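start.csv (CSV, C-alpha atoms) appears below.
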chain,number,residue,atom,x,y,z
A,248,MET,CA,-1.9,-21.0,-38.6
A,249,ASN,CA,1.8,-20.8,-39.6
A,250,ALA,CA,4.0,-23.7,-38.7
A,251,VAL,CA,6.9,-22.9,-36.4
A,252,ALA,CA,10.3,-23.7,-37.9
A,253,GLN,CA,12.1,-26.2,-35.7
A,254,GLU,CA,15.3,-28.2,-36.3
A,255,ILE,CA,17.5,-30.5,-34.3
A,256,LYS,CA,21.2,-30.0,-34.7
A,257,GLU,CA,24.3,-31.4,-33.1
A,258,ILE,CA,25.9,-28.8,-31.0
A,259,ASN,CA,29.6,-28.4,-31.6
A,260,LEU,CA,30.6,-28.1,-28.0
A,261,GLU,CA,34.1,-26.9,-28.7
A,262,LYS,CA,32.7,-23.9,-30.5
A,263,ASP,CA,29.1,-23.4,-29.3
A,264,TRP,CA,29.3,-24.4,-25.6
A,265,LYS,CA,28.3,-20.9,-24.6
A,266,ASN,CA,24.9,-21.4,-26.3
A,267,ALA,CA,24.4,-24.7,-24.4
A,268,PHE,CA,25.5,-23.5,-21.0
A,269,PRO,CA,22.4,-21.4,-20.0
A,270,LEU,CA,20.2,-24.5,-20.5
A,271,ILE,CA,22.6,-26.9,-18.7
A,272,LYS,CA,22.7,-24.3,-15.8
A,273,GLN,CA,18.9,-24.8,-15.4
A,274,LEU,CA,19.5,-28.5,-14.9
A,275,GLN,CA,22.7,-28.3,-13.0
A,276,PRO,CA,22.6,-24.9,-11.1
A,277,GLU,CA,25.9,-25.6,-9.2
A,278,LEU,CA,27.9,-25.5,-12.4
A,279,ASN,CA,29.7,-22.3,-13.5
A,280,GLU,CA,30.9,-21.7,-17.1
A,281,ASN,CA,34.5,-22.6,-16.3
A,282,SER,CA,33.7,-26.0,-14.7
A,283,PHE,CA,31.2,-26.7,-17.6
A,284,TYR,CA,33.8,-26.0,-20.2
A,285,GLN,CA,36.4,-28.1,-18.4
A,286,LEU,CA,34.1,-31.0,-18.0
A,287,ILE,CA,32.8,-31.1,-21.6
A,288,ASN,CA,36.4,-30.9,-22.8
A,289,GLU,CA,37.1,-34.1,-20.8
A,290,MET,CA,33.8,-35.7,-21.9
A,291,ILE,CA,34.1,-35.0,-25.7
A,292,PRO,CA,37.0,-37.5,-26.2
A,293,GLN,CA,34.8,-40.1,-24.3
A,294,GLY,CA,32.1,-39.7,-27.0
A,295,TYR,CA,29.8,-37.1,-25.3
A,296,LYS,CA,27.6,-35.3,-27.8
A,297,MET,CA,24.9,-32.7,-27.4
A,298,ALA,CA,21.9,-32.2,-29.7
A,299,GLY,CA,19.8,-29.0,-29.6
A,300,LEU,CA,16.3,-28.3,-30.6
A,301,TYR,CA,16.1,-24.9,-32.3
A,302,VAL,CA,12.8,-23.2,-32.7
A,303,GLU,CA,12.9,-20.2,-35.1
A,304,GLU,CA,16.7,-20.5,-34.8
A,305,LYS,CA,16.7,-20.2,-31.0
A,306,ILE,CA,17.8,-23.1,-28.8
A,307,VAL,CA,14.9,-24.3,-26.6
A,308,ALA,CA,16.0,-27.7,-25.5
A,309,ILE,CA,19.2,-29.8,-25.4
A,310,ALA,CA,20.2,-33.4,-24.8
A,311,GLY,CA,23.7,-34.6,-23.8
A,312,PHE,CA,24.4,-38.2,-24.6
A,313,SER,CA,26.9,-40.9,-25.7
A,314,ILE,CA,26.9,-44.3,-27.1
A,315,VAL,CA,28.4,-46.7,-24.7
A,316,THR,CA,28.7,-50.5,-24.0
A,317,ASN,CA,28.6,-52.3,-20.8
A,318,LEU,CA,27.6,-55.8,-19.6
A,319,TYR,CA,24.3,-54.6,-18.1
A,320,PHE,CA,22.7,-52.7,-21.0
A,321,GLN,CA,25.2,-53.9,-23.7
A,322,ARG,CA,25.3,-51.3,-26.5
A,323,HIS,CA,23.1,-48.4,-25.5
A,324,LEU,CA,22.6,-44.6,-25.6
A,325,TRP,CA,23.2,-43.1,-22.2
A,326,LEU,CA,21.3,-39.9,-21.7
A,327,TYR,CA,23.2,-37.6,-19.4
A,328,ASP,CA,21.3,-34.4,-19.8
A,329,LEU,CA,17.9,-33.5,-21.1
A,330,VAL,CA,16.5,-30.0,-20.4
A,331,THR,CA,14.0,-27.7,-22.0
A,332,ASP,CA,14.2,-24.0,-21.2
A,333,HIS,CA,11.9,-23.4,-18.3
A,334,LYS,CA,10.0,-20.7,-20.3
A,335,GLN,CA,9.4,-23.3,-23.1
A,336,ARG,CA,8.2,-26.3,-21.1
A,337,SER,CA,5.0,-28.3,-21.9
A,338,LYS,CA,5.3,-27.6,-25.6
A,339,GLY,CA,6.4,-31.1,-26.6
A,340,TYR,CA,10.1,-30.2,-27.1
A,341,GLY,CA,11.4,-32.9,-24.7
A,342,LYS,CA,9.4,-35.5,-26.6
A,343,VAL,CA,10.8,-34.2,-29.9
A,344,LEU,CA,14.4,-34.6,-28.6
A,345,LEU,CA,13.7,-38.1,-27.2
A,346,ASP,CA,12.2,-39.2,-30.4
A,347,TYR,CA,15.3,-37.9,-32.2
A,348,LEU,CA,17.6,-39.8,-29.8
A,349,GLN,CA,15.6,-43.0,-30.2
A,350,ASP,CA,16.1,-42.8,-34.0
A,351,PHE,CA,19.8,-42.0,-33.5
A,352,ALA,CA,20.2,-44.9,-31.1
A,353,GLU,CA,18.5,-47.3,-33.4
A,354,LYS,CA,20.7,-46.2,-36.3
A,355,LYS,CA,23.8,-46.9,-34.1
A,356,GLU,CA,22.4,-50.4,-33.3
A,357,CYS,CA,21.7,-49.7,-29.6
A,358,GLY,CA,19.2,-51.8,-27.8
A,359,THR,CA,18.4,-49.4,-25.0
A,360,ILE,CA,18.3,-45.8,-24.0
A,361,ALA,CA,19.2,-45.4,-20.3
A,362,LEU,CA,19.5,-42.5,-17.9
A,363,CYS,CA,19.9,-41.5,-14.3
A,364,SER,CA,17.6,-39.0,-12.6
A,365,ARG,CA,17.8,-37.6,-9.0
A,366,PHE,CA,15.0,-38.7,-6.6
A,367,ASP,CA,13.7,-35.2,-6.2
A,368,ARG,CA,13.0,-34.8,-10.0
A,369,THR,CA,9.5,-36.3,-9.8
A,370,GLU,CA,8.2,-34.3,-12.7
A,371,ALA,CA,11.0,-35.6,-14.9
A,372,HIS,CA,10.2,-39.2,-13.7
A,373,ARG,CA,6.5,-38.7,-14.6
A,374,PHE,CA,7.6,-37.3,-18.1
A,375,TYR,CA,9.8,-40.3,-18.8
A,376,THR,CA,7.6,-43.1,-17.5
A,377,GLU,CA,4.0,-41.8,-18.1
A,378,LYS,CA,4.4,-39.8,-21.2
A,379,MET,CA,7.4,-41.4,-22.9
A,380,GLY,CA,7.0,-45.1,-22.0
A,381,TYR,CA,10.3,-45.5,-20.1
A,382,GLU,CA,10.4,-47.8,-17.1
A,383,LYS,CA,12.2,-47.5,-13.7
A,384,THR,CA,14.5,-50.6,-13.5
A,385,SER,CA,17.3,-49.8,-11.1
A,386,TYR,CA,18.9,-47.4,-8.7
A,387,VAL,CA,22.2,-45.6,-9.2
A,388,ILE,CA,24.2,-46.1,-6.1
A,389,LYS,CA,27.3,-43.9,-5.5
A,390,ARG,CA,29.9,-43.2,-2.9
A,391,ASN,CA,31.6,-39.8,-2.8
A,392,LEU,CA,35.4,-39.9,-2.5
A,393,ARG,CA,37.5,-37.3,-0.8
A,394,LYS,CA,38.9,-34.9,-3.3
A,395,LEU,CA,42.5,-35.1,-4.1
A,396,GLU,CA,44.3,-31.8,-3.2
A,397,GLY,CA,46.6,-30.6,-6.0

What do you get writing this file as structure tokens?
Amino acid sequence: MNAVAQEIKEINLEKDWKNAFPLIKQLQPELNENSFYQLINEMIPQGYKMAGLYVEEKIVAIAGFSIVTNLYFQRHLWLYDLVTDHKQRSKGYGKVLLDYLQDFAEKKECGTIALCSRFDRTEAHRFYTEKMGYEKTSYVIKRNLRKLEG
């Protein structure tokens, strides 16, 4: 059996955002291309990066993340987005990306990888906790603010 060529590469969001958008759209269906582009252009100066897993030169999974520091987690990798193309799930691609991020975080002297996941994403929770060894430690609590009219 021939090995499938796979590679993880950082996605240059300023140039290659159109390649990342279809996968992000699977995770965040309310986004359109314009809002995605505007948001990542605001996030990039804040340290947001995206890594893609390419199989035979086709992107099959992506992770959006940044290295941040706060009092709770101290220096850590915050995982904003992790999505595998719905046609490519259950092939171990999410694990490959998380292993890559763990190595990346350790090289950047992070002590933790943390993320937020919506309550309804029970399959994602099972993936993180049962398959990848993550633990549920807290809730994210938010309050929506009225939008400023411009």

For atom CA of A:Ala308 and atom CA of A:Lys296, quote the distance in Å rounded to one decimal. 14.1 Å

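Distance annotation: of A:Val302, A:Val330, A:Ala371, A:Leu345, the residue with the minimal separation from A:Gln273 is A:Val330; atom set is all atoms listed in the file.
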
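Counting only C-alpha atoms and comparing A:Thr369, A:Asn259, A:Ser364, A:Asn288, the residue that lies closest to A:Val387 is A:Ser364.
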
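For the pair atom CA of A:Leu278 and atom CA of A:Ile309, the separation is 16.2 Å.
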
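For the choices A:Glu261, A:Asn279, A:Met379, A:Tyr347, the atom-to-atom distance to A:Phe312 is smallest for A:Tyr347 when using only C-alpha atoms.
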
I need the residue nearest A:Tyr340 from this list: A:Leu260, A:Leu286, A:Ala298, A:Val307. Use only C-alpha atoms for the distance. A:Val307

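In terms of minimum interatomic distance to A:Phe283, A:Ala267 ranks closest within A:Ile306, A:Ala267, A:Ala352, A:Cys363, counting all atoms listed in the file.
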
Missing atoms in stretch 309-345 of chain A: can you complete it with N, CA and C atoms, as a PDB file, in the frame of the given file?
ATOM      1  N   ILE A 309      17.941 -29.116 -25.015  1.00  0.00           N
ATOM      2  CA  ILE A 309      19.200 -29.800 -25.400  1.00  0.00           C
ATOM      3  C   ILE A 309      19.179 -31.200 -24.709  1.00  0.00           C
ATOM      4  N   ALA A 310      19.942 -32.085 -25.332  1.00  0.00           N
ATOM      5  CA  ALA A 310      20.200 -33.400 -24.800  1.00  0.00           C
ATOM      6  C   ALA A 310      21.657 -33.727 -24.911  1.00  0.00           C
ATOM      7  N   GLY A 311      22.262 -34.157 -23.824  1.00  0.00           N
ATOM      8  CA  GLY A 311      23.700 -34.600 -23.800  1.00  0.00           C
ATOM      9  C   GLY A 311      23.691 -36.104 -23.670  1.00  0.00           C
ATOM     10  N   PHE A 312      24.462 -36.780 -24.503  1.00  0.00           N
ATOM     11  CA  PHE A 312      24.400 -38.200 -24.600  1.00  0.00           C
ATOM     12  C   PHE A 312      25.670 -38.819 -25.131  1.00  0.00           C
ATOM     13  N   SER A 313      25.805 -40.139 -25.013  1.00  0.00           N
ATOM     14  CA  SER A 313      26.900 -40.900 -25.700  1.00  0.00           C
ATOM     15  C   SER A 313      26.421 -42.296 -25.935  1.00  0.00           C
ATOM     16  N   ILE A 314      27.070 -42.925 -26.881  1.00  0.00           N
ATOM     17  CA  ILE A 314      26.900 -44.300 -27.100  1.00  0.00           C
ATOM     18  C   ILE A 314      27.925 -45.085 -26.361  1.00  0.00           C
ATOM     19  N   VAL A 315      27.500 -45.985 -25.491  1.00  0.00           N
ATOM     20  CA  VAL A 315      28.400 -46.700 -24.700  1.00  0.00           C
ATOM     21  C   VAL A 315      28.016 -48.212 -24.618  1.00  0.00           C
ATOM     22  N   THR A 316      28.938 -49.021 -24.172  1.00  0.00           N
ATOM     23  CA  THR A 316      28.700 -50.500 -24.000  1.00  0.00           C
ATOM     24  C   THR A 316      29.097 -50.903 -22.650  1.00  0.00           C
ATOM     25  N   ASN A 317      28.230 -51.672 -22.019  1.00  0.00           N
ATOM     26  CA  ASN A 317      28.600 -52.300 -20.800  1.00  0.00           C
ATOM     27  C   ASN A 317      27.889 -53.666 -20.691  1.00  0.00           C
ATOM     28  N   LEU A 318      28.162 -54.430 -19.670  1.00  0.00           N
ATOM     29  CA  LEU A 318      27.600 -55.800 -19.600  1.00  0.00           C
ATOM     30  C   LEU A 318      26.095 -55.723 -19.227  1.00  0.00           C
ATOM     31  N   TYR A 319      25.660 -54.688 -18.527  1.00  0.00           N
ATOM     32  CA  TYR A 319      24.300 -54.600 -18.100  1.00  0.00           C
ATOM     33  C   TYR A 319      23.322 -54.253 -19.224  1.00  0.00           C
ATOM     34  N   PHE A 320      23.592 -53.147 -19.917  1.00  0.00           N
ATOM     35  CA  PHE A 320      22.700 -52.700 -21.000  1.00  0.00           C
ATOM     36  C   PHE A 320      23.249 -53.081 -22.386  1.00  0.00           C
ATOM     37  N   GLN A 321      24.470 -53.579 -22.449  1.00  0.00           N
ATOM     38  CA  GLN A 321      25.200 -53.900 -23.700  1.00  0.00           C
ATOM     39  C   GLN A 321      25.338 -52.530 -24.462  1.00  0.00           C
ATOM     40  N   ARG A 322      25.159 -52.516 -25.769  1.00  0.00           N
ATOM     41  CA  ARG A 322      25.300 -51.300 -26.500  1.00  0.00           C
ATOM     42  C   ARG A 322      24.070 -50.423 -26.327  1.00  0.00           C
ATOM     43  N   HIS A 323      24.257 -49.203 -25.823  1.00  0.00           N
ATOM     44  CA  HIS A 323      23.100 -48.400 -25.500  1.00  0.00           C
ATOM     45  C   HIS A 323      23.454 -46.875 -25.625  1.00  0.00           C
ATOM     46  N   LEU A 324      22.432 -46.072 -25.689  1.00  0.00           N
ATOM     47  CA  LEU A 324      22.600 -44.600 -25.600  1.00  0.00           C
ATOM     48  C   LEU A 324      22.378 -44.233 -24.170  1.00  0.00           C
ATOM     49  N   TRP A 325      23.378 -43.604 -23.574  1.00  0.00           N
ATOM     50  CA  TRP A 325      23.200 -43.100 -22.200  1.00  0.00           C
ATOM     51  C   TRP A 325      22.913 -41.617 -22.303  1.00  0.00           C
ATOM     52  N   LEU A 326      21.778 -41.265 -21.742  1.00  0.00           N
ATOM     53  CA  LEU A 326      21.300 -39.900 -21.700  1.00  0.00           C
ATOM     54  C   LEU A 326      21.740 -39.214 -20.457  1.00  0.00           C
ATOM     55  N   TYR A 327      22.714 -38.337 -20.569  1.00  0.00           N
ATOM     56  CA  TYR A 327      23.200 -37.600 -19.400  1.00  0.00           C
ATOM     57  C   TYR A 327      22.395 -36.428 -19.029  1.00  0.00           C
ATOM     58  N   ASP A 328      21.967 -35.703 -20.020  1.00  0.00           N
ATOM     59  CA  ASP A 328      21.300 -34.400 -19.800  1.00  0.00           C
ATOM     60  C   ASP A 328      20.130 -34.282 -20.755  1.00  0.00           C
ATOM     61  N   LEU A 329      19.000 -33.862 -20.256  1.00  0.00           N
ATOM     62  CA  LEU A 329      17.900 -33.500 -21.100  1.00  0.00           C
ATOM     63  C   LEU A 329      17.192 -32.316 -20.390  1.00  0.00           C
ATOM     64  N   VAL A 330      17.155 -31.184 -21.044  1.00  0.00           N
ATOM     65  CA  VAL A 330      16.500 -30.000 -20.400  1.00  0.00           C
ATOM     66  C   VAL A 330      15.878 -29.154 -21.480  1.00  0.00           C
ATOM     67  N   THR A 331      14.681 -28.707 -21.154  1.00  0.00           N
ATOM     68  CA  THR A 331      14.000 -27.700 -22.000  1.00  0.00           C
ATOM     69  C   THR A 331      13.984 -26.415 -21.190  1.00  0.00           C
ATOM     70  N   ASP A 332      14.231 -25.330 -21.870  1.00  0.00           N
ATOM     71  CA  ASP A 332      14.200 -24.000 -21.200  1.00  0.00           C
ATOM     72  C   ASP A 332      12.944 -23.876 -20.408  1.00  0.00           C
ATOM     73  N   HIS A 333      13.093 -23.426 -19.164  1.00  0.00           N
ATOM     74  CA  HIS A 333      11.900 -23.400 -18.300  1.00  0.00           C
ATOM     75  C   HIS A 333      10.788 -22.502 -18.844  1.00  0.00           C
ATOM     76  N   LYS A 334      11.098 -21.573 -19.727  1.00  0.00           N
ATOM     77  CA  LYS A 334      10.000 -20.700 -20.300  1.00  0.00           C
ATOM     78  C   LYS A 334       9.365 -21.449 -21.514  1.00  0.00           C
ATOM     79  N   GLN A 335       9.906 -22.600 -21.930  1.00  0.00           N
ATOM     80  CA  GLN A 335       9.400 -23.300 -23.100  1.00  0.00           C
ATOM     81  C   GLN A 335       8.830 -24.685 -22.790  1.00  0.00           C
ATOM     82  N   ARG A 336       8.644 -24.993 -21.521  1.00  0.00           N
ATOM     83  CA  ARG A 336       8.200 -26.300 -21.100  1.00  0.00           C
ATOM     84  C   ARG A 336       6.728 -26.561 -21.499  1.00  0.00           C
ATOM     85  N   SER A 337       6.368 -27.831 -21.574  1.00  0.00           N
ATOM     86  CA  SER A 337       5.000 -28.300 -21.900  1.00  0.00           C
ATOM     87  C   SER A 337       4.581 -27.956 -23.312  1.00  0.00           C
ATOM     88  N   LYS A 338       5.548 -27.854 -24.204  1.00  0.00           N
ATOM     89  CA  LYS A 338       5.300 -27.600 -25.600  1.00  0.00           C
ATOM     90  C   LYS A 338       5.639 -28.823 -26.475  1.00  0.00           C
ATOM     91  N   GLY A 339       6.057 -29.922 -25.825  1.00  0.00           N
ATOM     92  CA  GLY A 339       6.400 -31.100 -26.600  1.00  0.00           C
ATOM     93  C   GLY A 339       7.854 -31.189 -27.009  1.00  0.00           C
ATOM     94  N   TYR A 340       8.691 -30.246 -26.595  1.00  0.00           N
ATOM     95  CA  TYR A 340      10.100 -30.200 -27.100  1.00  0.00           C
ATOM     96  C   TYR A 340      10.900 -31.373 -26.525  1.00  0.00           C
ATOM     97  N   GLY A 341      10.672 -31.762 -25.275  1.00  0.00           N
ATOM     98  CA  GLY A 341      11.400 -32.900 -24.700  1.00  0.00           C
ATOM     99  C   GLY A 341      11.068 -34.180 -25.488  1.00  0.00           C
ATOM    100  N   LYS A 342       9.814 -34.353 -25.847  1.00  0.00           N
ATOM    101  CA  LYS A 342       9.400 -35.500 -26.600  1.00  0.00           C
ATOM    102  C   LYS A 342      10.083 -35.509 -27.999  1.00  0.00           C
ATOM    103  N   VAL A 343      10.154 -34.352 -28.630  1.00  0.00           N
ATOM    104  CA  VAL A 343      10.800 -34.200 -29.900  1.00  0.00           C
ATOM    105  C   VAL A 343      12.261 -34.695 -29.837  1.00  0.00           C
ATOM    106  N   LEU A 344      12.964 -34.239 -28.797  1.00  0.00           N
ATOM    107  CA  LEU A 344      14.400 -34.600 -28.600  1.00  0.00           C
ATOM    108  C   LEU A 344      14.498 -36.119 -28.312  1.00  0.00           C
ATOM    109  N   LEU A 345      13.636 -36.650 -27.465  1.00  0.00           N
ATOM    110  CA  LEU A 345      13.700 -38.100 -27.200  1.00  0.00           C
ATOM    111  C   LEU A 345      13.411 -38.933 -28.380  1.00  0.00           C
TER     112      LEU A 345
END
